[in-house]
There are 2 protein chains.
Amino acid sequence: MADVTAQDSLGTPAATDLFQILRDGRPRTRSELSGITGLARSTVAARVDSLVRLGLVSPIGNAVSTGGRPSSQFAINTGSRVVLGVDIGASHARIAIADLSGTLLDQQAVEIEVSQGPEAVLGWVASAGRAMLESHGTADGLLAVGVGLPGPVEHATGRPIDPPIMPGWDRYDVPAHLASEFDVPVLVDNDVNIMALGERDMSWPGVDHFIFVKVATGIGSGVISGGYLQRGAQGIAGDLGHIYVPSGKDIVCRCGNAGCLEAIAAGPAIARGLRERGHHVESSRDVADLVRAGNTDAVQAVREAGRTIGEVLTACVSLINPAVIVLGGTLAHAGEHLLAGVREVVYRRSMPLATSDLQIVQARSGANAAIQGATMLAIHHALSPARVDAMLQAQS
Amino acid sequence: MADVTAQDSLGTPAATDLFQILRDGRPRTRSELSGITGLARSTVAARVDSLVRLGLVSPIGNAVSTGGRPSSQFAINTGSRVVLGVDIGASHARIAIADLSGTLLDQQAVEIEVSQGPEAVLGWVASAGRAMLESHGTADGLLAVGVGLPGPVEHATGRPIDPPIMPGWDRYDVPAHLASEFDVPVLVDNDVNIMALGERDMSWPGVDHFIFVKVATGIGSGVISGGYLQRGAQGIAGDLGHIYVPSGKDIVCRCGNAGCLEAIAAGPAIARGLRERGHHVESSRDVADLVRAGNTDAVQAVREAGRTIGEVLTACVSLINPAVIVLGGTLAHAGEHLLAGVREVVYRRSMPLATSDLQIVQARSGANAAIQGATMLAIHHALSPARVDAMLQAQS
């Protein structure tokens with residue numbers, strides 16, 4: 001009888017790469033790695049050999065094999081090399097140095113307006129990064145730099161494209177600027193995508209169908225399907241903020257369209273509604289503070305925003321069939337009210353099978369999600385088969 | 001200076017597998033294959049060696065290398081082995097034999113009600129399949145069987161789950177039934193997923209972000225993101241038919257919810273509206289016939305259904321950022337009216353960047369999409385790294 005249950009390998013990639021498995025530091029044999037990844041043993045063996053030659057993975061003792069010769073176990077050398085993760089926000093920049101498991105060894109933050117332009121902001125990143133590498137004695141061990149930006153990024157080039165809150169950054173070559181400082185690959189993505197990556201890798205390892213939604217001044221999401229962050233054809237997958245919501249058809253969005261989700265349910269829209277009721281609120285943060293103070297108007301407004309976001313997420317649930325939806329951003333963390341509104345609508349309107357195992361939860365990584373995601377972006381790239389191959393060629 | 005433009009390899013899998021590239025029959029060197037897939041040369045070399053040992057790929061002459069020794073080219077042996085593709089519909093079953101390029105060598109169809117149950121339907125599949133293998137003298141060359149069913153299929157087991165139009169099939173072990181006949185892996189998926197796979201592989205090779213929407217008695221879709229068919233956490237990704245549409249909030253769907261897309265815009269809903277205007281129509285096919293006869297009421301109704309489907313697809317465009325949306329099924333092929341309604345809404349409501357290169361088109365494969373998809377499902381599996389590895393182990 002043939003193997004008839006191997007549906008997993010068809011059409012979908014091995015969702016968890018070799019490195020994702022080794023990242024926990026536990027030693028495993030080639031055969032175990034082959035079993036977990038679904039990759040052919042010859043592929044696993046070649047990949048492990050390459051990683052060993054680069055010093056990124058080491059053989060550990062000998063495991064007793066069921067058959068003939070003893071089979072070695074392999075574990076990642078988490079401390080052998082480092083990456084830098086950079087999180088640039090509207091009014092802050094943060095940089096961290098991490099080992100290959102994603103553990104942050106050190107981090108530093110500064111208040112700086114992104115509107116000061118790329119030279120100023122990336123200048124701080126370069127000097128803070130260099131100082132960090134020197135103080136850790138790892139200047140030669142840097143493998144890659146990952147960067148999150150608060151605006152849309154063209155995936156193929158790593159350049160910001162028409163970013164609304166980043167004057168002077170449009171099409172700026174961020175990778176080239178930082179590569180000239182650090183002489184390693186530089187990976188750039190938008191902040192919501194890297195938060196999705198950070199939150200998934202750190203809090204939901206092994207979850208292959210995952211949506212991270214950020215609700216603050218705007219609304220955006222990062223989508224992981226089949227184990228991989230999906231950017232779509234133009235790199236703008238997950239752009240929930242401008243999905244049309246019929247109940248808001250008379251409200252014009254800053255994008256020029258009417259009825260966009262974020263024109264109805266993001267921080268500024270909630271603040272506007274609360275001002276009409278006499279409250280002194282301007283920003284998402286003010287709204288969150290009012291909610292935390294127990295103000296009923298604010299609590300109701302945030303819960304209603306959650307319901308509206310839930311309407312859009314219901315469509316996402318049918319389309320993507322995620323196992324986990326995580327809500328992050330200022331408004332998600334002001335109590336459970338946003339979450340309650342989202343859950344109310346998604347669980348009522350979705351097909352039972354789609355929600356039977358669906359978890360809708362608050363983000364756990366908090367302020368660290370972006371910096372963690374940026375380091376993971378760098379690590380994923382640095383240990384990808386193509387990159388490992390390039391490093392081997394450079395050595396020989 | 002480091003390679004700073006290699007954003008493609010991060011977080012996303014090599015979207016096009018080795019086999020997808022060789023499928024066109026053109027010979028290529030290992031180094032070319034490495035360049036196209038982004039896989040490490042050692043990985044490509046190991047994979048090619050395995051395929052050669054199994055006789056699935058052959059070295060062809062010698063290409064002149066830019067450096068030292070001549071490098072062989074490799075091409076797929078399309079005729080070396082075969083697969084069977086099976087398309088089971090509400091009232092038909094179809095089977096085809098195909099070579100490894102997906103070219104159909106022979107096919108056969110029968111009118112049979114799926115409600116006759118799995119024994120009757122799969123009995124016909126088994127005897128027709130055996131006869132087909134014998135008449136082609138390829139009984140020993142069968143690599144795998146791919147099957148499409150007109151209902152939800154649990155991805156991990158290949159069993160239909162609560163299929164509404166398939167009495168007697170609930171949780172039936174379709175893979176085990178056919179594997180006992182053919183002694184090869186049997187892959188089962190729902191018909192819309194395999195139509196998506198067939199349409200993409202045959203008409204849109206290389207398109208990695210792709211949605212196939214079937215509009216007939218129901219509405220469903222198959223979603224390809226990052227090059228791979230996405231099934232989601234429960235295997236029900238792409239289930240567009242039950243997404244809530246506010247304009248239909250008073251219409252109850254057969255699922256028990258109100259306002260589902262398919263309760264408003266699929267064939268039966270359109271037929272009901274036309275009957276209220278005095279037309280004698282029952283099925284999607286009747287509606288399509290009336291449209292083809294140039295009836296204005298029917299043309300208007302189908303266009304309006306297109307607009308409603310467009311509302312839901314606008315959310316899909318923001319979330320997935322596809323390069324191509326293909327419309328198939330009875331109603332999509334009754335002129336361009338459904339397409340026109342969809343385009344009208346999607347292009348008006350989406351963000352400019354998301355639609356700048358978006359194509360929304362009719363399906364090209366027509367009745368063959370499902371059977372082509374079923375053969376591709378079998379071929380993808382048969383030539384997957386894990387399966388090739390299993391075949392090598394069985395040989396040794």
# chains A, B, ... in the order shown; residues from 1 in each chain; ligands from 1
>>> residues_around(residues="Ala45 (chain B)", least_positions_apart="3", cutoff="12 Å", atoms="only C-alpha atoms", output="ChimeraX atom specification")
/A:42-43,46-47 /B:18,29-34,39-42,48-52,71-74
>>> residues_around(residues="Thr308 (chain A)", least_positions_apart="6", cutoff="9 Å", atoms="only C-alpha atoms", output="count of residues only")
8
>>> select_by_dssp(residues="region 112-274 of chain A", states="strand (DSSP E or B)", output="number ranges by chain")
A: 142-149, 153-154, 159-160, 186-190, 210-215, 219-225, 228-230, 244, 252, 258, 260
>>> write_last_selection(atoms="N, CA and C atoms", output="JSON list (two decimals), in the first residue's frame")
[["chain", "number", "residue", "atom", "x", "y", "z"],
["A", 142, "LEU", "N", 28.79, 40.27, 12.08],
["A", 142, "LEU", "CA", 27.47, 40.71, 11.64],
["A", 142, "LEU", "C", 27.07, 40.00, 10.35],
["A", 143, "LEU", "N", 25.88, 39.42, 10.35],
["A", 143, "LEU", "CA", 25.40, 38.69, 9.18],
["A", 143, "LEU", "C", 24.44, 39.50, 8.31],
["A", 144, "ALA", "N", 23.59, 40.30, 8.92],
["A", 144, "ALA", "CA", 22.58, 41.03, 8.15],
["A", 144, "ALA", "C", 21.92, 42.08, 9.04],
["A", 145, "VAL", "N", 21.25, 43.04, 8.41],
["A", 145, "VAL", "CA", 20.50, 44.06, 9.13],
["A", 145, "VAL", "C", 19.05, 44.03, 8.64],
["A", 146, "GLY", "N", 18.09, 44.01, 9.56],
["A", 146, "GLY", "CA", 16.68, 44.08, 9.21],
["A", 146, "GLY", "C", 16.10, 45.40, 9.68],
["A", 147, "VAL", "N", 15.27, 46.03, 8.84],
["A", 147, "VAL", "CA", 14.75, 47.35, 9.14],
["A", 147, "VAL", "C", 13.24, 47.40, 8.92],
["A", 148, "GLY", "N", 12.50, 47.95, 9.87],
["A", 148, "GLY", "CA", 11.07, 48.22, 9.69],
["A", 148, "GLY", "C", 10.82, 49.70, 9.56],
["A", 149, "LEU", "N", 10.02, 50.10, 8.57],
["A", 149, "LEU", "CA", 9.70, 51.50, 8.33],
["A", 149, "LEU", "C", 8.20, 51.74, 8.47],
["A", 153, "VAL", "N", 6.63, 49.77, 1.62],
["A", 153, "VAL", "CA", 7.99, 49.51, 1.12],
["A", 153, "VAL", "C", 7.87, 48.61, -0.11],
["A", 154, "GLU", "N", 8.56, 48.98, -1.17],
["A", 154, "GLU", "CA", 8.59, 48.13, -2.37],
["A", 154, "GLU", "C", 9.44, 46.91, -2.04],
["A", 159, "ARG", "N", 12.82, 49.95, -0.96],
["A", 159, "ARG", "CA", 12.66, 51.41, -0.90],
["A", 159, "ARG", "C", 11.24, 51.78, -0.47],
["A", 160, "PRO", "N", 11.08, 52.80, 0.40],
["A", 160, "PRO", "CA", 9.73, 53.28, 0.72],
["A", 160, "PRO", "C", 9.09, 53.91, -0.52],
["A", 186, "VAL", "N", 20.97, 44.12, 3.70],
["A", 186, "VAL", "CA", 20.03, 44.92, 4.49],
["A", 186, "VAL", "C", 18.62, 44.65, 3.96],
["A", 187, "LEU", "N", 17.74, 44.21, 4.83],
["A", 187, "LEU", "CA", 16.38, 43.86, 4.44],
["A", 187, "LEU", "C", 15.42, 44.88, 5.02],
["A", 188, "VAL", "N", 14.54, 45.41, 4.19],
["A", 188, "VAL", "CA", 13.62, 46.45, 4.65],
["A", 188, "VAL", "C", 12.18, 46.02, 4.38],
["A", 189, "ASP", "N", 11.30, 46.25, 5.34],
["A", 189, "ASP", "CA", 9.89, 45.95, 5.15],
["A", 189, "ASP", "C", 9.08, 46.95, 5.96],
["A", 190, "ASN", "N", 7.76, 46.98, 5.73],
["A", 190, "ASN", "CA", 6.97, 47.92, 6.52],
["A", 190, "ASN", "C", 6.77, 47.38, 7.94],
["A", 210, "PHE", "N", -1.83, 33.05, 9.80],
["A", 210, "PHE", "CA", -1.73, 34.00, 10.89],
["A", 210, "PHE", "C", -1.94, 35.41, 10.34],
["A", 211, "ILE", "N", -2.75, 36.21, 11.03],
["A", 211, "ILE", "CA", -2.92, 37.62, 10.64],
["A", 211, "ILE", "C", -2.63, 38.50, 11.84],
["A", 212, "PHE", "N", -1.76, 39.48, 11.65],
["A", 212, "PHE", "CA", -1.48, 40.47, 12.69],
["A", 212, "PHE", "C", -2.11, 41.79, 12.23],
["A", 213, "VAL", "N", -2.99, 42.36, 13.06],
["A", 213, "VAL", "CA", -3.66, 43.61, 12.70],
["A", 213, "VAL", "C", -3.21, 44.70, 13.67],
["A", 214, "LYS", "N", -2.72, 45.80, 13.13],
["A", 214, "LYS", "CA", -2.32, 46.93, 13.97],
["A", 214, "LYS", "C", -3.38, 48.01, 13.88],
["A", 215, "VAL", "N", -3.90, 48.43, 15.03],
["A", 215, "VAL", "CA", -4.94, 49.46, 15.07],
["A", 215, "VAL", "C", -4.41, 50.62, 15.90],
["A", 219, "ILE", "N", -4.83, 51.62, 10.13],
["A", 219, "ILE", "CA", -5.10, 50.20, 10.33],
["A", 219, "ILE", "C", -4.40, 49.43, 9.21],
["A", 220, "GLY", "N", -3.56, 48.48, 9.60],
["A", 220, "GLY", "CA", -2.87, 47.68, 8.60],
["A", 220, "GLY", "C", -2.70, 46.27, 9.13],
["A", 221, "SER", "N", -2.26, 45.35, 8.27],
["A", 221, "SER", "CA", -2.06, 43.99, 8.75],
["A", 221, "SER", "C", -0.90, 43.33, 8.03],
["A", 222, "GLY", "N", -0.34, 42.32, 8.68],
["A", 222, "GLY", "CA", 0.66, 41.47, 8.06],
["A", 222, "GLY", "C", 0.07, 40.08, 8.00],
["A", 223, "VAL", "N", 0.16, 39.43, 6.83],
["A", 223, "VAL", "CA", -0.50, 38.14, 6.60],
["A", 223, "VAL", "C", 0.54, 37.05, 6.40],
["A", 224, "ILE", "N", 0.46, 36.00, 7.21],
["A", 224, "ILE", "CA", 1.31, 34.83, 7.03],
["A", 224, "ILE", "C", 0.41, 33.68, 6.56],
["A", 225, "SER", "N", 0.68, 33.18, 5.35],
["A", 225, "SER", "CA", -0.08, 32.04, 4.82],
["A", 225, "SER", "C", 0.90, 30.94, 4.44],
["A", 228, "TYR", "N", 4.58, 31.48, 5.47],
["A", 228, "TYR", "CA", 5.41, 32.58, 4.98],
["A", 228, "TYR", "C", 4.66, 33.91, 4.96],
["A", 229, "LEU", "N", 5.40, 34.97, 5.30],
["A", 229, "LEU", "CA", 4.87, 36.32, 5.18],
["A", 229, "LEU", "C", 4.54, 36.57, 3.71],
["A", 230, "GLN", "N", 3.31, 36.99, 3.43],
["A", 230, "GLN", "CA", 2.89, 37.20, 2.04],
["A", 230, "GLN", "C", 2.87, 38.69, 1.73],
["A", 244, "TYR", "N", -13.37, 48.89, 1.77],
["A", 244, "TYR", "CA", -14.64, 49.63, 1.84],
["A", 244, "TYR", "C", -15.60, 49.01, 2.87],
["A", 252, "VAL", "N", -15.21, 60.51, 4.15],
["A", 252, "VAL", "CA", -14.09, 60.53, 3.21],
["A", 252, "VAL", "C", -12.79, 60.25, 3.94],
["A", 258, "ALA", "N", -14.12, 57.08, -0.25],
["A", 258, "ALA", "CA", -15.05, 57.16, 0.88],
["A", 258, "ALA", "C", -15.28, 55.77, 1.43],
["A", 260, "CYS", "N", -13.55, 54.02, 3.72],
["A", 260, "CYS", "CA", -12.41, 53.16, 4.07],
["A", 260, "CYS", "C", -12.47, 52.80, 5.57]]
>>> select_by_dssp(residues="region 4-249 of chain B", states="helix (DSSP H, G or I)", output="ChimeraX atom specification")
/B:7-9,18-22,30-37,41-53,114-116,118-135,139-141,174-182,191-203,240-242,246-248
>>> closest_residue(among="A:Ser350, A:Thr375, A:Ser284, A:Gln107", to="chain B", atoms="only C-alpha atoms")
A:Ser350
>>> residues_around(residues="region 170-180 of chain A", least_positions_apart="3", cutoff="9 Å", atoms="only C-alpha atoms", output="MDAnalysis selection string")
(chainID A and resid 118:119 122:123 125:126 145 147 153:154 157:163 166:167 183:188) or (chainID B and resid 1:5)
>>> closest_residue(among="B:Leu383, B:Ile325, B:Val121, B:Leu240", to="chain A", atoms="only C-alpha atoms")
B:Leu240
>>> decode(residues="region 268-298 of chain A", atoms="N, CA, C and O atoms", output="PDB file, in the first residue's frame")
ATOM      1  N   PRO A 268      -7.831  58.397  14.884  1.00  0.00           N
ATOM      2  CA  PRO A 268      -8.329  59.748  14.603  1.00  0.00           C
ATOM      3  C   PRO A 268      -9.853  59.805  14.440  1.00  0.00           C
ATOM      4  O   PRO A 268     -10.491  60.765  14.886  1.00  0.00           O
ATOM      5  N   ALA A 269     -10.447  58.771  13.820  1.00  0.00           N
ATOM      6  CA  ALA A 269     -11.900  58.754  13.644  1.00  0.00           C
ATOM      7  C   ALA A 269     -12.600  58.619  14.995  1.00  0.00           C
ATOM      8  O   ALA A 269     -13.605  59.293  15.269  1.00  0.00           O
ATOM      9  N   ILE A 270     -12.060  57.754  15.864  1.00  0.00           N
ATOM     10  CA  ILE A 270     -12.655  57.586  17.196  1.00  0.00           C
ATOM     11  C   ILE A 270     -12.515  58.885  17.987  1.00  0.00           C
ATOM     12  O   ILE A 270     -13.454  59.338  18.650  1.00  0.00           O
ATOM     13  N   ALA A 271     -11.341  59.525  17.888  1.00  0.00           N
ATOM     14  CA  ALA A 271     -11.098  60.787  18.598  1.00  0.00           C
ATOM     15  C   ALA A 271     -12.081  61.859  18.123  1.00  0.00           C
ATOM     16  O   ALA A 271     -12.644  62.610  18.940  1.00  0.00           O
ATOM     17  N   ARG A 272     -12.323  61.924  16.819  1.00  0.00           N
ATOM     18  CA  ARG A 272     -13.256  62.916  16.274  1.00  0.00           C
ATOM     19  C   ARG A 272     -14.651  62.721  16.876  1.00  0.00           C
ATOM     20  O   ARG A 272     -15.303  63.668  17.307  1.00  0.00           O
ATOM     21  N   GLY A 273     -15.089  61.457  16.899  1.00  0.00           N
ATOM     22  CA  GLY A 273     -16.406  61.164  17.478  1.00  0.00           C
ATOM     23  C   GLY A 273     -16.484  61.551  18.950  1.00  0.00           C
ATOM     24  O   GLY A 273     -17.503  62.079  19.419  1.00  0.00           O
ATOM     25  N   LEU A 274     -15.400  61.332  19.674  1.00  0.00           N
ATOM     26  CA  LEU A 274     -15.388  61.663  21.115  1.00  0.00           C
ATOM     27  C   LEU A 274     -15.341  63.174  21.339  1.00  0.00           C
ATOM     28  O   LEU A 274     -15.934  63.679  22.288  1.00  0.00           O
ATOM     29  N   ARG A 275     -14.659  63.885  20.436  1.00  0.00           N
ATOM     30  CA  ARG A 275     -14.646  65.358  20.551  1.00  0.00           C
ATOM     31  C   ARG A 275     -16.058  65.912  20.366  1.00  0.00           C
ATOM     32  O   ARG A 275     -16.462  66.837  21.052  1.00  0.00           O
ATOM     33  N   GLU A 276     -16.812  65.270  19.441  1.00  0.00           N
ATOM     34  CA  GLU A 276     -18.191  65.728  19.226  1.00  0.00           C
ATOM     35  C   GLU A 276     -19.034  65.526  20.485  1.00  0.00           C
ATOM     36  O   GLU A 276     -20.064  66.162  20.659  1.00  0.00           O
ATOM     37  N   ARG A 277     -18.598  64.615  21.345  1.00  0.00           N
ATOM     38  CA  ARG A 277     -19.313  64.412  22.609  1.00  0.00           C
ATOM     39  C   ARG A 277     -18.655  65.192  23.747  1.00  0.00           C
ATOM     40  O   ARG A 277     -18.923  64.934  24.928  1.00  0.00           O
ATOM     41  N   GLY A 278     -17.751  66.120  23.400  1.00  0.00           N
ATOM     42  CA  GLY A 278     -17.198  67.037  24.390  1.00  0.00           C
ATOM     43  C   GLY A 278     -15.911  66.601  25.065  1.00  0.00           C
ATOM     44  O   GLY A 278     -15.435  67.246  25.993  1.00  0.00           O
ATOM     45  N   HIS A 279     -15.318  65.501  24.597  1.00  0.00           N
ATOM     46  CA  HIS A 279     -14.063  65.053  25.215  1.00  0.00           C
ATOM     47  C   HIS A 279     -12.868  65.693  24.518  1.00  0.00           C
ATOM     48  O   HIS A 279     -12.896  65.934  23.325  1.00  0.00           O
ATOM     49  N   HIS A 280     -11.824  65.946  25.308  1.00  0.00           N
ATOM     50  CA  HIS A 280     -10.632  66.569  24.747  1.00  0.00           C
ATOM     51  C   HIS A 280      -9.625  65.491  24.348  1.00  0.00           C
ATOM     52  O   HIS A 280      -8.766  65.119  25.138  1.00  0.00           O
ATOM     53  N   VAL A 281      -9.781  64.966  23.163  1.00  0.00           N
ATOM     54  CA  VAL A 281      -8.872  63.924  22.682  1.00  0.00           C
ATOM     55  C   VAL A 281      -8.428  64.261  21.269  1.00  0.00           C
ATOM     56  O   VAL A 281      -9.210  64.784  20.471  1.00  0.00           O
ATOM     57  N   GLU A 282      -7.167  63.984  20.976  1.00  0.00           N
ATOM     58  CA  GLU A 282      -6.630  64.247  19.637  1.00  0.00           C
ATOM     59  C   GLU A 282      -6.148  62.955  18.972  1.00  0.00           C
ATOM     60  O   GLU A 282      -6.551  62.622  17.883  1.00  0.00           O
ATOM     61  N   SER A 283      -5.297  62.217  19.698  1.00  0.00           N
ATOM     62  CA  SER A 283      -4.582  61.091  19.088  1.00  0.00           C
ATOM     63  C   SER A 283      -5.137  59.750  19.558  1.00  0.00           C
ATOM     64  O   SER A 283      -5.966  59.675  20.463  1.00  0.00           O
ATOM     65  N   SER A 284      -4.641  58.660  18.939  1.00  0.00           N
ATOM     66  CA  SER A 284      -4.961  57.293  19.364  1.00  0.00           C
ATOM     67  C   SER A 284      -4.604  57.107  20.828  1.00  0.00           C
ATOM     68  O   SER A 284      -5.316  56.447  21.588  1.00  0.00           O
ATOM     69  N   ARG A 285      -3.473  57.709  21.222  1.00  0.00           N
ATOM     70  CA  ARG A 285      -2.994  57.565  22.583  1.00  0.00           C
ATOM     71  C   ARG A 285      -3.955  58.237  23.581  1.00  0.00           C
ATOM     72  O   ARG A 285      -4.243  57.677  24.649  1.00  0.00           O
ATOM     73  N   ASP A 286      -4.492  59.412  23.188  1.00  0.00           N
ATOM     74  CA  ASP A 286      -5.486  60.080  24.043  1.00  0.00           C
ATOM     75  C   ASP A 286      -6.723  59.194  24.222  1.00  0.00           C
ATOM     76  O   ASP A 286      -7.271  59.090  25.318  1.00  0.00           O
ATOM     77  N   VAL A 287      -7.148  58.575  23.109  1.00  0.00           N
ATOM     78  CA  VAL A 287      -8.325  57.703  23.174  1.00  0.00           C
ATOM     79  C   VAL A 287      -8.045  56.542  24.121  1.00  0.00           C
ATOM     80  O   VAL A 287      -8.861  56.213  24.994  1.00  0.00           O
ATOM     81  N   ALA A 288      -6.864  55.944  23.972  1.00  0.00           N
ATOM     82  CA  ALA A 288      -6.492  54.815  24.817  1.00  0.00           C
ATOM     83  C   ALA A 288      -6.462  55.226  26.293  1.00  0.00           C
ATOM     84  O   ALA A 288      -6.934  54.492  27.166  1.00  0.00           O
ATOM     85  N   ASP A 289      -5.928  56.434  26.568  1.00  0.00           N
ATOM     86  CA  ASP A 289      -5.882  56.918  27.952  1.00  0.00           C
ATOM     87  C   ASP A 289      -7.296  57.073  28.531  1.00  0.00           C
ATOM     88  O   ASP A 289      -7.551  56.720  29.685  1.00  0.00           O
ATOM     89  N   LEU A 290      -8.201  57.616  27.699  1.00  0.00           N
ATOM     90  CA  LEU A 290      -9.580  57.818  28.145  1.00  0.00           C
ATOM     91  C   LEU A 290     -10.259  56.473  28.439  1.00  0.00           C
ATOM     92  O   LEU A 290     -11.021  56.335  29.395  1.00  0.00           O
ATOM     93  N   VAL A 291      -9.962  55.480  27.603  1.00  0.00           N
ATOM     94  CA  VAL A 291     -10.508  54.136  27.823  1.00  0.00           C
ATOM     95  C   VAL A 291      -9.984  53.582  29.145  1.00  0.00           C
ATOM     96  O   VAL A 291     -10.745  53.069  29.962  1.00  0.00           O
ATOM     97  N   ARG A 292      -8.688  53.726  29.362  1.00  0.00           N
ATOM     98  CA  ARG A 292      -8.081  53.207  30.597  1.00  0.00           C
ATOM     99  C   ARG A 292      -8.629  53.908  31.825  1.00  0.00           C
ATOM    100  O   ARG A 292      -8.695  53.330  32.906  1.00  0.00           O
ATOM    101  N   ALA A 293      -9.047  55.175  31.639  1.00  0.00           N
ATOM    102  CA  ALA A 293      -9.639  55.916  32.758  1.00  0.00           C
ATOM    103  C   ALA A 293     -11.080  55.484  33.017  1.00  0.00           C
ATOM    104  O   ALA A 293     -11.741  56.003  33.923  1.00  0.00           O
ATOM    105  N   GLY A 294     -11.581  54.561  32.181  1.00  0.00           N
ATOM    106  CA  GLY A 294     -12.912  54.013  32.419  1.00  0.00           C
ATOM    107  C   GLY A 294     -14.046  54.850  31.841  1.00  0.00           C
ATOM    108  O   GLY A 294     -15.213  54.636  32.183  1.00  0.00           O
ATOM    109  N   ASN A 295     -13.722  55.797  30.953  1.00  0.00           N
ATOM    110  CA  ASN A 295     -14.765  56.625  30.363  1.00  0.00           C
ATOM    111  C   ASN A 295     -15.696  55.804  29.474  1.00  0.00           C
ATOM    112  O   ASN A 295     -15.256  55.129  28.541  1.00  0.00           O
ATOM    113  N   THR A 296     -17.004  55.854  29.745  1.00  0.00           N
ATOM    114  CA  THR A 296     -17.961  55.005  29.040  1.00  0.00           C
ATOM    115  C   THR A 296     -18.053  55.332  27.548  1.00  0.00           C
ATOM    116  O   THR A 296     -18.144  54.425  26.707  1.00  0.00           O
ATOM    117  N   ASP A 297     -18.059  56.615  27.217  1.00  0.00           N
ATOM    118  CA  ASP A 297     -18.114  56.988  25.798  1.00  0.00           C
ATOM    119  C   ASP A 297     -16.944  56.380  25.035  1.00  0.00           C
ATOM    120  O   ASP A 297     -17.103  55.843  23.931  1.00  0.00           O
ATOM    121  N   ALA A 298     -15.766  56.485  25.621  1.00  0.00           N
ATOM    122  CA  ALA A 298     -14.563  55.984  24.953  1.00  0.00           C
ATOM    123  C   ALA A 298     -14.613  54.460  24.832  1.00  0.00           C
ATOM    124  O   ALA A 298     -14.262  53.891  23.784  1.00  0.00           O
TER     125      ALA A 298
END
